[in-house]
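See below for my_file.pdb, which holds PDB, C-alpha atoms, pLDDT in the B column.
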MODEL        1
ATOM      1  CA  GLU X   1     322.655  42.441 143.530  1.00 83.00           C
ATOM      2  CA  PHE X   2     320.794  44.622 146.026  1.00 87.00           C
ATOM      3  CA  ASN X   3     323.700  47.071 146.359  1.00 88.00           C
ATOM      4  CA  PHE X   4     324.153  47.291 142.574  1.00 90.00           C
ATOM      5  CA  ALA X   5     320.470  48.040 141.910  1.00 91.00           C
ATOM      6  CA  VAL X   6     320.103  50.466 144.825  1.00 89.00           C
ATOM      7  CA  GLY X   7     323.393  52.176 143.910  1.00 88.00           C
ATOM      8  CA  ASN X   8     322.195  52.843 140.342  1.00 87.00           C
ATOM      9  CA  PHE X   9     318.898  54.172 141.664  1.00 89.00           C
ATOM     10  CA  ALA X  10     320.431  56.435 144.332  1.00 86.00           C
ATOM     11  CA  ARG X  11     323.172  57.793 142.043  1.00 85.00           C
ATOM     12  CA  LEU X  12     320.656  58.832 139.378  1.00 86.00           C
ATOM     13  CA  CYS X  13     317.877  59.999 141.684  1.00 82.00           C
ATOM     14  CA  PRO X  14     319.392  61.604 144.788  1.00 78.00           C
ATOM     15  CA  GLY X  15     316.924  62.399 147.534  1.00 77.00           C
ATOM     16  CA  SER X  16     314.443  59.874 146.159  1.00 75.00           C
ATOM     17  CA  PRO X  17     312.365  57.409 148.164  1.00 82.00           C
ATOM     18  CA  LYS X  18     314.209  54.587 149.867  1.00 87.00           C
ATOM     19  CA  VAL X  19     314.406  51.228 148.107  1.00 92.00           C
ATOM     20  CA  THR X  20     312.944  48.680 150.512  1.00 92.00           C
ATOM     21  CA  GLN X  21     313.414  45.500 148.484  1.00 94.00           C
ATOM     22  CA  VAL X  22     315.069  44.321 145.261  1.00 96.00           C
ATOM     23  CA  ASP X  23     313.813  41.263 143.389  1.00 96.00           C
ATOM     24  CA  VAL X  24     316.308  39.643 141.014  1.00 96.00           C
ATOM     25  CA  TYR X  25     315.049  37.993 137.825  1.00 96.00           C
ATOM     26  CA  GLU X  26     316.751  35.491 135.521  1.00 95.00           C
ATOM     27  CA  SER X  27     314.404  34.356 132.767  1.00 97.00           C
ATOM     28  CA  PRO X  28     316.099  31.826 130.457  1.00 97.00           C
ATOM     29  CA  THR X  29     313.646  32.608 127.642  1.00 96.00           C
ATOM     30  CA  VAL X  30     314.181  36.361 127.824  1.00 98.00           C
ATOM     31  CA  SER X  31     317.953  35.897 128.252  1.00 98.00           C
ATOM     32  CA  VAL X  32     318.185  33.807 125.062  1.00 98.00           C
ATOM     33  CA  ARG X  33     316.290  36.438 123.033  1.00 98.00           C
ATOM     34  CA  PHE X  34     318.439  39.216 124.516  1.00 98.00           C
ATOM     35  CA  GLN X  35     321.670  37.355 123.726  1.00 98.00           C
ATOM     36  CA  ALA X  36     320.531  36.709 120.136  1.00 98.00           C
ATOM     37  CA  LYS X  37     319.905  40.455 119.713  1.00 98.00           C
ATOM     38  CA  ALA X  38     323.287  41.226 121.333  1.00 98.00           C
ATOM     39  CA  ASP X  39     324.984  38.873 118.830  1.00 98.00           C
ATOM     40  CA  GLU X  40     323.126  40.534 115.932  1.00 97.00           C
ATOM     41  CA  PHE X  41     324.200  44.017 117.062  1.00 97.00           C
ATOM     42  CA  SER X  42     327.766  42.857 117.719  1.00 97.00           C
ATOM     43  CA  LYS X  43     328.092  41.738 114.089  1.00 96.00           C
ATOM     44  CA  LYS X  44     327.254  45.344 113.121  1.00 94.00           C
ATOM     45  CA  GLY X  45     329.833  46.725 115.561  1.00 95.00           C
ATOM     46  CA  GLN X  46     327.166  47.858 118.030  1.00 95.00           C
ATOM     47  CA  SER X  47     327.998  45.993 121.224  1.00 93.00           C
ATOM     48  CA  ASN X  48     327.265  48.753 123.754  1.00 96.00           C
ATOM     49  CA  LYS X  49     325.124  47.838 126.789  1.00 97.00           C
ATOM     50  CA  ILE X  50     323.534  50.311 129.190  1.00 97.00           C
ATOM     51  CA  TRP X  51     321.208  50.220 132.206  1.00 97.00           C
ATOM     52  CA  VAL X  52     317.723  51.756 131.965  1.00 97.00           C
ATOM     53  CA  PHE X  53     314.618  51.974 134.145  1.00 96.00           C
ATOM     54  CA  HIS X  54     311.007  51.185 133.222  1.00 96.00           C
ATOM     55  CA  GLY X  55     307.903  52.072 135.220  1.00 94.00           C
ATOM     56  CA  THR X  56     304.706  50.042 134.977  1.00 93.00           C
ATOM     57  CA  ALA X  57     301.707  48.924 137.012  1.00 91.00           C
ATOM     58  CA  ALA X  58     302.423  46.302 139.693  1.00 92.00           C
ATOM     59  CA  ALA X  59     300.372  43.692 137.797  1.00 91.00           C
ATOM     60  CA  ASN X  60     302.819  43.923 134.869  1.00 92.00           C
ATOM     61  CA  LEU X  61     306.045  43.384 136.824  1.00 95.00           C
ATOM     62  CA  GLU X  62     306.050  39.579 136.906  1.00 96.00           C
ATOM     63  CA  PRO X  63     304.943  39.075 133.264  1.00 95.00           C
ATOM     64  CA  ILE X  64     307.567  41.539 131.996  1.00 96.00           C
ATOM     65  CA  CYS X  65     310.365  40.008 134.048  1.00 97.00           C
ATOM     66  CA  SER X  66     309.500  36.403 133.246  1.00 96.00           C
ATOM     67  CA  GLU X  67     308.282  36.724 129.631  1.00 96.00           C
ATOM     68  CA  GLY X  68     309.930  39.940 128.456  1.00 96.00           C
ATOM     69  CA  PHE X  69     308.599  43.277 127.289  1.00 95.00           C
ATOM     70  CA  LYS X  70     305.969  43.704 124.594  1.00 92.00           C
ATOM     71  CA  VAL X  71     305.857  46.631 122.188  1.00 90.00           C
ATOM     72  CA  GLY X  72     302.569  48.487 122.662  1.00 67.00           C
ATOM     73  CA  GLY X  73     300.501  48.695 119.512  1.00 52.00           C
ATOM     74  CA  GLN X  74     302.192  45.608 118.053  1.00 61.00           C
ATOM     75  CA  GLU X  75     302.184  42.819 120.641  1.00 60.00           C
ATOM     76  CA  CYS X  76     299.717  44.310 123.118  1.00 55.00           C
ATOM     77  CA  ALA X  77     297.506  47.343 123.624  1.00 51.00           C
ATOM     78  CA  ARG X  78     299.225  50.686 124.180  1.00 53.00           C
ATOM     79  CA  VAL X  79     298.756  51.966 127.695  1.00 60.00           C
ATOM     80  CA  ASN X  80     300.376  55.411 127.717  1.00 61.00           C
ATOM     81  CA  GLY X  81     300.400  56.458 124.064  1.00 59.00           C
ATOM     82  CA  ALA X  82     303.269  56.566 121.615  1.00 67.00           C
ATOM     83  CA  VAL X  83     304.073  60.187 120.907  1.00 70.00           C
ATOM     84  CA  TYR X  84     307.637  59.238 119.935  1.00 78.00           C
ATOM     85  CA  GLY X  85     306.693  56.120 117.978  1.00 80.00           C
ATOM     86  CA  ARG X  86     306.191  52.458 118.786  1.00 85.00           C
ATOM     87  CA  GLY X  87     308.696  50.939 121.145  1.00 89.00           C
ATOM     88  CA  VAL X  88     309.436  50.158 124.768  1.00 93.00           C
ATOM     89  CA  TYR X  89     309.731  53.420 126.697  1.00 93.00           C
ATOM     90  CA  THR X  90     312.457  53.600 129.335  1.00 95.00           C
ATOM     91  CA  ALA X  91     314.697  56.236 130.885  1.00 95.00           C
ATOM     92  CA  ILE X  92     318.348  56.432 131.890  1.00 95.00           C
ATOM     93  CA  GLY X  93     317.319  57.628 135.359  1.00 92.00           C
ATOM     94  CA  PRO X  94     314.514  56.357 137.607  1.00 93.00           C
ATOM     95  CA  GLY X  95     312.673  59.679 138.062  1.00 90.00           C
ATOM     96  CA  THR X  96     310.396  59.569 135.024  1.00 89.00           C
ATOM     97  CA  PRO X  97     309.615  55.818 135.249  1.00 93.00           C
ATOM     98  CA  MET X  98     308.600  56.263 138.904  1.00 92.00           C
ATOM     99  CA  GLY X  99     305.698  58.368 137.623  1.00 89.00           C
ATOM    100  CA  TYR X 100     304.433  55.381 135.632  1.00 89.00           C
ATOM    101  CA  SER X 101     304.953  52.771 138.347  1.00 91.00           C
ATOM    102  CA  GLN X 102     301.516  53.141 140.006  1.00 81.00           C
ATOM    103  CA  GLY X 103     302.563  50.737 142.744  1.00 71.00           C
ATOM    104  CA  GLY X 104     305.925  52.101 143.766  1.00 86.00           C
ATOM    105  CA  SER X 105     308.080  49.573 141.904  1.00 94.00           C
ATOM    106  CA  ILE X 106     310.301  50.041 138.853  1.00 96.00           C
ATOM    107  CA  ILE X 107     312.301  47.656 136.686  1.00 97.00           C
ATOM    108  CA  LEU X 108     316.047  48.035 136.104  1.00 97.00           C
ATOM    109  CA  CYS X 109     317.037  46.509 132.760  1.00 98.00           C
ATOM    110  CA  LEU X 110     320.216  45.794 130.869  1.00 98.00           C
ATOM    111  CA  ALA X 111     319.697  47.282 127.408  1.00 98.00           C
ATOM    112  CA  LEU X 112     321.150  47.132 123.900  1.00 98.00           C
ATOM    113  CA  PRO X 113     320.835  50.585 122.297  1.00 98.00           C
ATOM    114  CA  GLY X 114     322.238  49.566 118.894  1.00 97.00           C
ATOM    115  CA  LYS X 115     322.045  52.524 116.508  1.00 95.00           C
ATOM    116  CA  VAL X 116     320.740  55.496 118.528  1.00 93.00           C
ATOM    117  CA  VAL X 117     319.318  58.720 117.089  1.00 91.00           C
ATOM    118  CA  GLN X 118     318.043  61.937 118.668  1.00 88.00           C
ATOM    119  CA  VAL X 119     314.463  62.775 117.657  1.00 84.00           C
ATOM    120  CA  SER X 120     311.839  65.430 118.265  1.00 74.00           C
ATOM    121  CA  HIS X 121     308.803  63.423 117.095  1.00 70.00           C
ATOM    122  CA  GLY X 122     308.369  59.768 116.139  1.00 63.00           C
ATOM    123  CA  HIS X 123     311.281  57.435 115.530  1.00 61.00           C
ATOM    124  CA  GLN X 124     313.824  57.491 112.756  1.00 71.00           C
ATOM    125  CA  GLN X 125     313.970  54.804 110.087  1.00 77.00           C
ATOM    126  CA  GLY X 126     316.934  52.518 110.598  1.00 84.00           C
ATOM    127  CA  ALA X 127     317.276  53.362 114.292  1.00 92.00           C
ATOM    128  CA  ASP X 128     317.336  50.635 116.937  1.00 95.00           C
ATOM    129  CA  SER X 129     316.574  53.104 119.706  1.00 95.00           C
ATOM    130  CA  TRP X 130     315.974  56.817 119.986  1.00 93.00           C
ATOM    131  CA  GLN X 131     316.202  59.605 122.530  1.00 92.00           C
ATOM    132  CA  PRO X 132     313.495  62.245 122.209  1.00 90.00           C
ATOM    133  CA  THR X 133     313.989  64.462 125.256  1.00 83.00           C
ATOM    134  CA  GLY X 134     315.507  64.474 128.715  1.00 85.00           C
ATOM    135  CA  ASP X 135     316.681  61.026 129.740  1.00 91.00           C
ATOM    136  CA  TRP X 136     314.065  59.095 127.730  1.00 92.00           C
ATOM    137  CA  MET X 137     315.340  56.096 125.762  1.00 94.00           C
ATOM    138  CA  ILE X 138     312.930  54.208 123.510  1.00 93.00           C
ATOM    139  CA  PHE X 139     313.774  50.759 122.167  1.00 95.00           C
ATOM    140  CA  LYS X 140     312.405  49.482 118.868  1.00 93.00           C
ATOM    141  CA  THR X 141     312.182  45.828 119.963  1.00 95.00           C
ATOM    142  CA  ALA X 142     311.496  44.022 123.207  1.00 96.00           C
ATOM    143  CA  GLU X 143     314.549  41.810 122.677  1.00 97.00           C
ATOM    144  CA  GLN X 144     316.807  44.808 123.323  1.00 98.00           C
ATOM    145  CA  LEU X 145     315.850  44.756 127.012  1.00 98.00           C
ATOM    146  CA  LEU X 146     316.706  42.256 129.719  1.00 98.00           C
ATOM    147  CA  PRO X 147     314.743  42.897 132.945  1.00 98.00           C
ATOM    148  CA  LYS X 148     317.125  42.138 135.818  1.00 97.00           C
ATOM    149  CA  HIS X 149     315.855  43.838 138.979  1.00 97.00           C
ATOM    150  CA  VAL X 150     312.569  45.103 140.370  1.00 97.00           C
ATOM    151  CA  LEU X 151     313.127  47.885 142.874  1.00 95.00           C
ATOM    152  CA  HIS X 152     310.334  48.316 145.426  1.00 94.00           C
ATOM    153  CA  LEU X 153     310.086  51.800 146.911  1.00 90.00           C
TER     154      LEU X 153
ENDMDL
END

Rewritten as structure tokens:
Amino acid sequence: EFNFAVGNFARLCPGSPKVTQVDVYESPTVSVRFQAKADEFSKKGQSNKIWVFHGTAAANLEPICSEGFKVGGQECARVNGAVYGRGVYTAIGPGTPMGYSQGGSIILCLALPGKVVQVSHGHQQGADSWQPTGDWMIFKTAEQLLPKHVLHL
């Protein structure tokens, strides 16, 4: 698990800080919700899974990994705005999320993109996730993300 998480980090962020520890999470509750969403997408022919990174304050790591993400503005207060619409903000690479980590730790998640659209502002109706710029990837629902690893830098 350590080598997998560190390998993804190093491949996408060469020359970055060294990963000193990897915590592995397996939340049955979050896994069940993720699998239900995977089954829903699979019925629509959208079975693709990808890995994404999410940066957050250290105090949020355990709640996210054990209870799942929450969509800011719907299930909890927004912390960093929502210029591209409501959703869970992640990135394909770890660089951008590291800027939001505040404590030097980021989450590596298995993700279900579903129907993806490119956007310049806000999200598109009917999209499950959207990519506004760079390597950003925003997910409409929390159930599309399964937190698997916390990488401590």

Checklist entry - If you apply the PyMOL selection byres ((chain X and resi 64) around 12) to this file, what residues do you get, as number ranges by chain? => result X: 25-27, 29-30, 54-63, 65-71, 88, 106-109, 142-143, 145-150

Writer output for current selection, C-alpha atoms, as an mmCIF file, in the coordinates of the input:
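To be explicit, this is the file written out as selection-v3.cif:
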data_model
loop_
_atom_site.group_PDB
_atom_site.id
_atom_site.type_symbol
_atom_site.label_atom_id
_atom_site.label_comp_id
_atom_site.auth_asym_id
_atom_site.auth_seq_id
_atom_site.Cartn_x
_atom_site.Cartn_y
_atom_site.Cartn_z
ATOM 1 C CA TYR X 25 315.049 37.993 137.825
ATOM 2 C CA GLU X 26 316.751 35.491 135.521
ATOM 3 C CA SER X 27 314.404 34.356 132.767
ATOM 4 C CA THR X 29 313.646 32.608 127.642
ATOM 5 C CA VAL X 30 314.181 36.361 127.824
ATOM 6 C CA HIS X 54 311.007 51.185 133.222
ATOM 7 C CA GLY X 55 307.903 52.072 135.220
ATOM 8 C CA THR X 56 304.706 50.042 134.977
ATOM 9 C CA ALA X 57 301.707 48.924 137.012
ATOM 10 C CA ALA X 58 302.423 46.302 139.693
ATOM 11 C CA ALA X 59 300.372 43.692 137.797
ATOM 12 C CA ASN X 60 302.819 43.923 134.869
ATOM 13 C CA LEU X 61 306.045 43.384 136.824
ATOM 14 C CA GLU X 62 306.050 39.579 136.906
ATOM 15 C CA PRO X 63 304.943 39.075 133.264
ATOM 16 C CA CYS X 65 310.365 40.008 134.048
ATOM 17 C CA SER X 66 309.500 36.403 133.246
ATOM 18 C CA GLU X 67 308.282 36.724 129.631
ATOM 19 C CA GLY X 68 309.930 39.940 128.456
ATOM 20 C CA PHE X 69 308.599 43.277 127.289
ATOM 21 C CA LYS X 70 305.969 43.704 124.594
ATOM 22 C CA VAL X 71 305.857 46.631 122.188
ATOM 23 C CA VAL X 88 309.436 50.158 124.768
ATOM 24 C CA ILE X 106 310.301 50.041 138.853
ATOM 25 C CA ILE X 107 312.301 47.656 136.686
ATOM 26 C CA LEU X 108 316.047 48.035 136.104
ATOM 27 C CA CYS X 109 317.037 46.509 132.760
ATOM 28 C CA ALA X 142 311.496 44.022 123.207
ATOM 29 C CA GLU X 143 314.549 41.810 122.677
ATOM 30 C CA LEU X 145 315.850 44.756 127.012
ATOM 31 C CA LEU X 146 316.706 42.256 129.719
ATOM 32 C CA PRO X 147 314.743 42.897 132.945
ATOM 33 C CA LYS X 148 317.125 42.138 135.818
ATOM 34 C CA HIS X 149 315.855 43.838 138.979
ATOM 35 C CA VAL X 150 312.569 45.103 140.370
#

Next on the checklist: Between X:Gly85, X:Pro28, X:Gly104, X:Gly45, which residue has the minimum interatomic distance to Ser16 of chain X, considering all atoms listed in the file?
Outcome noted: X:Gly104

Checklist entry - In Å to one decimal, how far is atom CA of Trp136 of chain X from atom CA of Pro14 of chain X? => result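 Between these atoms lies a distance of 18.0 Å.
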
Next on the checklist: I'd like to see the residues matched by the PyMOL selection byres ((chain X and resi 35-39) around 9) on this file, and ideally I'd get them as an MDAnalysis selection string.
Outcome noted: chainID X and resid 30:34 40:44 46:49 112 114 143:144

Checklist entry - Smallest atom-to-atom distance to Ser129 of chain X: which of X:Asn3, X:Gly103, X:Trp51, X:Tyr89, using all atoms listed in the file? => result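 Checking each candidate against Ser129 of chain X, we get X:Tyr89 as the closest.
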
Checklist entry - To one decimal place, how far is atom CA of Phe139 of chain X from atom CA of Ser101 of chain X in Å? => result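 Atom CA of Phe139 of chain X sits 18.5 Å away from atom CA of Ser101 of chain X.
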
Item to check | Picked residues, the PyMOL selection byres ((chain X and resi 95) around 12), as a PyMOL selection string | outcome: chain X and resi 8-17+52-55+90-94+96-101+104-106+134-136

Item to check | Using all atoms listed in the file: which of X:Ile50, X:Met137, X:Val22, X:Val83 has the shortest distance to His121 of chain X | outcome: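 Selected residue with least distance to His121 of chain X: X:Val83.
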